[in-house]
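Colleague: My questions all concern the structure below.
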Amino acid sequence: MRSGYTLPVFATASAIAALQCLQQSSPTNKPVVTIDLITPPQQVEISIAQVALIQPEMALGITHSDPGDNLDLTRDTPVWALVEWADPSQVETIALVGGEGVGKQSNLDDLPAIYSYARQLLQANLAPLLMSEQKIRVTIILPEGRILATRTSNAAFGVVEGLSLLGTTG
């Protein structure tokens, strides 16, 4: 049985590709990025579908999820990360935002359903790529998330209007 990865891994790969594009002010020719999965402690290469500089201050990276041979309705789901230089008033070095298709936690003031492993994965893989004074805003977008969520039991767990970036391992 071929193993695959969870949605947070693809969100992180998309964000890395977008950040590299933003730092170079042009798309990278790298068709893959390397991700530290943290749990398990290993590095993996994830294919990048597309990356583009949208504006001088903003880039978009796109991957497609691959859960391996596991039964998963998110197979081949596009996972976008829009990375932009942060406003100087932003407190955190990396601000994570749930965009279209990322669910909201109805029982927690509609916070984006980006859970701890996803946050840890994004922070651990993006922070080393930033220079000390750089701050970014990362918006994760799951264009098909709203539609796919109707086929899950997410709403029973308080996640509405999209999918969650969940998992405890890569």
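Numbering starts fresh at 1 for the residues of each chain in the structure tokens, the chains themselves are lettered A, B, ... in the order given, and ligands are numbered from 1 as they appear.
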Show me a table, sorted first by chain and then by increasing residue number, of the residues of range 54-170 of chain A having an atom at most 10 Å from range 8-31 of chain A, each with its shortest atom pair and the distance in Å to one decimal, counting only C-alpha atoms and written as a tab-separated table.
Modeller:
```
residue	atom	partner	partner_atom	distance
A:Ile54	CA	A:Leu22	CA	9.0
A:Gln55	CA	A:Leu22	CA	8.9
A:Pro56	CA	A:Ser25	CA	6.6
A:Glu57	CA	A:Leu22	CA	6.9
A:Met58	CA	A:Leu22	CA	6.3
A:Ala59	CA	A:Ala18	CA	5.0
A:Leu60	CA	A:Ala18	CA	5.0
A:Gly61	CA	A:Ser14	CA	4.4
A:Ile62	CA	A:Ser14	CA	5.1
A:Thr63	CA	A:Ser14	CA	5.8
A:His64	CA	A:Phe10	CA	7.0
A:Ser65	CA	A:Phe10	CA	6.1
A:Asp66	CA	A:Phe10	CA	8.4
A:Thr77	CA	A:Phe10	CA	9.7
A:Pro78	CA	A:Phe10	CA	8.9
A:Val79	CA	A:Ala11	CA	5.9
A:Trp80	CA	A:Ser14	CA	6.0
A:Ala81	CA	A:Ala15	CA	4.9
A:Leu82	CA	A:Ala18	CA	6.8
A:Val83	CA	A:Ala18	CA	5.9
A:Glu84	CA	A:Leu22	CA	7.6
A:Trp85	CA	A:Leu22	CA	8.4
A:Ile114	CA	A:Pro8	CA	8.5
A:Tyr115	CA	A:Pro8	CA	9.1
A:Tyr117	CA	A:Pro8	CA	7.7
A:Ala118	CA	A:Pro8	CA	4.9
A:Arg119	CA	A:Pro8	CA	8.3
A:Gln120	CA	A:Pro8	CA	9.6
A:Leu121	CA	A:Thr12	CA	6.8
A:Leu122	CA	A:Thr12	CA	5.3
A:Gln123	CA	A:Thr12	CA	8.8
A:Ala124	CA	A:Thr12	CA	9.6
A:Asn125	CA	A:Thr12	CA	7.3
A:Leu126	CA	A:Ile16	CA	6.4
A:Leu129	CA	A:Gln20	CA	8.1
A:Leu130	CA	A:Leu19	CA	8.8
A:Ile136	CA	A:Leu19	CA	8.6
A:Val138	CA	A:Ala15	CA	7.1
A:Thr139	CA	A:Ala15	CA	8.6
A:Ile140	CA	A:Ala11	CA	6.6
A:Ile141	CA	A:Ala11	CA	8.5
A:Leu142	CA	A:Ala11	CA	9.1
A:Ser164	CA	A:Pro8	CA	9.1
A:Leu165	CA	A:Pro8	CA	5.5
A:Leu166	CA	A:Pro8	CA	6.9
A:Gly167	CA	A:Pro8	CA	7.5
A:Thr168	CA	A:Pro8	CA	9.8
A:Thr169	CA	A:Val9	CA	9.2
A:Gly170	CA	A:Val9	CA	6.1
```
Colleague: If you count only C-alpha atoms, which residues fall within 9 Å of Leu73 in chain A, apart from same-chain ones fewer than 3 positions away, as a list in words?
Modeller: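 Selected residues are Asp76, Thr77, Leu148, Arg151 and Thr152 of chain A.
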Colleague: Residues at most 9 Å from Lys135 in chain A, counting only C-alpha atoms, excluding those fewer than 3 positions away in the same chain, as a ChimeraX atom specification?
Modeller: /A:84-88,90-95,130-132
Colleague: Select from chain A everything DSSP, run on the backbone, classes as strand (DSSP E), then give the selection as JSON, numbers by chain.
Modeller: {"A": [32, 33, 34, 35, 36, 43, 44, 45, 46, 47, 50, 51, 52, 53, 54, 55, 58, 59, 60, 61, 62, 63, 64, 78, 79, 80, 81, 82, 83, 84, 85, 94, 95, 96, 97, 98, 104, 105, 111, 112, 136, 137, 138, 139, 140, 141, 159, 160]}
Colleague: Within 12 Å of Ala156 in chain A, counting only C-alpha atoms, which residues show up once you throw out same-chain ones fewer than 5 positions away? Write them as an MDAnalysis selection string, please.
Modeller: chainID A and resid 105:107 149:151
Colleague: Could you check the closest approach to Asp110 in chain A for each of A:Pro40, A:Gly4, A:Pro143, A:Gly98 and tell me which residue wins, using only C-alpha atoms?
Modeller: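 Going through A:Pro40, A:Gly4, A:Pro143, A:Gly98 one by one, the smallest distance to Asp110 in chain A is for A:Gly98.
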Colleague: Could you pull out all residues of range 61-167 of chain A with a DSSP call of helix (DSSP H, G or I) and give them as a list in words?
Modeller: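 Residues meeting the helix (DSSP H, G or I) criterion: Ser116, Tyr117, Ala118, Arg119, Gln120, Leu121, Leu122, Gln123, Ala124, Asn125, Leu126, Ala127, Pro128, Leu129, Gly145, Arg146, Ile147, Leu148, Ala149, Asn154, Ala155, Ala156 and Phe157 of chain A.
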Colleague: Using only N, CA and C atoms, please write the residues we just selected to a file, as a tab-separated table (two decimals), in the first residue's frame.
Modeller:
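File result-v4.tsv, as written:
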```
chain	number	residue	atom	x	y	z
A	116	SER	N	-3.25	22.45	15.11
A	116	SER	CA	-1.90	22.61	15.63
A	116	SER	C	-0.81	21.97	14.77
A	117	TYR	N	-1.01	20.76	14.26
A	117	TYR	CA	0.04	20.16	13.43
A	117	TYR	C	0.26	20.98	12.17
A	118	ALA	N	-0.81	21.45	11.53
A	118	ALA	CA	-0.68	22.27	10.33
A	118	ALA	C	0.08	23.56	10.64
A	119	ARG	N	-0.27	24.21	11.75
A	119	ARG	CA	0.42	25.45	12.14
A	119	ARG	C	1.90	25.19	12.42
A	120	GLN	N	2.17	24.10	13.14
A	120	GLN	CA	3.55	23.74	13.46
A	120	GLN	C	4.34	23.46	12.18
A	121	LEU	N	3.76	22.73	11.26
A	121	LEU	CA	4.41	22.38	10.00
A	121	LEU	C	4.72	23.62	9.17
A	122	LEU	N	3.75	24.51	9.05
A	122	LEU	CA	3.96	25.75	8.29
A	122	LEU	C	5.04	26.62	8.95
A	123	GLN	N	4.94	26.80	10.25
A	123	GLN	CA	5.92	27.63	10.97
A	123	GLN	C	7.34	27.05	10.85
A	124	ALA	N	7.48	25.76	11.10
A	124	ALA	CA	8.80	25.13	11.12
A	124	ALA	C	9.47	25.13	9.74
A	125	ASN	N	8.67	25.07	8.69
A	125	ASN	CA	9.25	25.02	7.35
A	125	ASN	C	9.43	26.40	6.72
A	126	LEU	N	8.63	27.38	7.12
A	126	LEU	CA	8.74	28.71	6.53
A	126	LEU	C	9.72	29.61	7.29
A	127	ALA	N	9.73	29.53	8.61
A	127	ALA	CA	10.57	30.43	9.42
A	127	ALA	C	12.05	30.41	9.01
A	128	PRO	N	12.65	29.24	8.75
A	128	PRO	CA	14.07	29.23	8.38
A	128	PRO	C	14.36	29.91	7.03
A	129	LEU	N	13.33	30.10	6.22
A	129	LEU	CA	13.51	30.72	4.90
A	129	LEU	C	13.46	32.25	4.96
A	145	GLY	N	-12.78	23.11	-1.38
A	145	GLY	CA	-13.04	22.76	0.01
A	145	GLY	C	-14.48	22.86	0.45
A	146	ARG	N	-15.16	23.90	0.03
A	146	ARG	CA	-16.56	24.09	0.41
A	146	ARG	C	-17.44	22.95	-0.12
A	147	ILE	N	-17.20	22.58	-1.37
A	147	ILE	CA	-17.99	21.50	-1.98
A	147	ILE	C	-17.65	20.15	-1.35
A	148	LEU	N	-16.35	19.88	-1.16
A	148	LEU	CA	-15.95	18.61	-0.56
A	148	LEU	C	-16.45	18.47	0.87
A	149	ALA	N	-16.52	19.56	1.59
A	149	ALA	CA	-16.94	19.52	3.00
A	149	ALA	C	-18.36	19.00	3.14
A	154	ASN	N	-17.68	16.94	8.98
A	154	ASN	CA	-17.03	18.07	9.64
A	154	ASN	C	-18.00	18.92	10.45
A	155	ALA	N	-19.19	19.19	9.91
A	155	ALA	CA	-20.15	20.06	10.60
A	155	ALA	C	-20.51	19.50	11.97
A	156	ALA	N	-20.55	18.17	12.10
A	156	ALA	CA	-20.86	17.55	13.39
A	156	ALA	C	-19.78	17.85	14.43
A	157	PHE	N	-18.59	18.19	13.94
A	157	PHE	CA	-17.48	18.52	14.84
A	157	PHE	C	-17.25	20.02	14.93
```
Colleague: Work out how far CA of Thr6 in chain A is from CA of Ile46 in chain A, in Å to one decimal.
Modeller: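 A separation of 11.7 Å between them.
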Colleague: Could you check how far CA of Gly103 in chain A sits from CA of Glu144 in chain A, in Å to one decimal?
Modeller: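 Distance reported for this atom pair: 11.4 Å.
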Colleague: What is the distance, in Å and to one decimal place, between CA of Ile48 in chain A and CA of Val32 in chain A?
Modeller: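 These atoms are spaced 5.3 Å apart.
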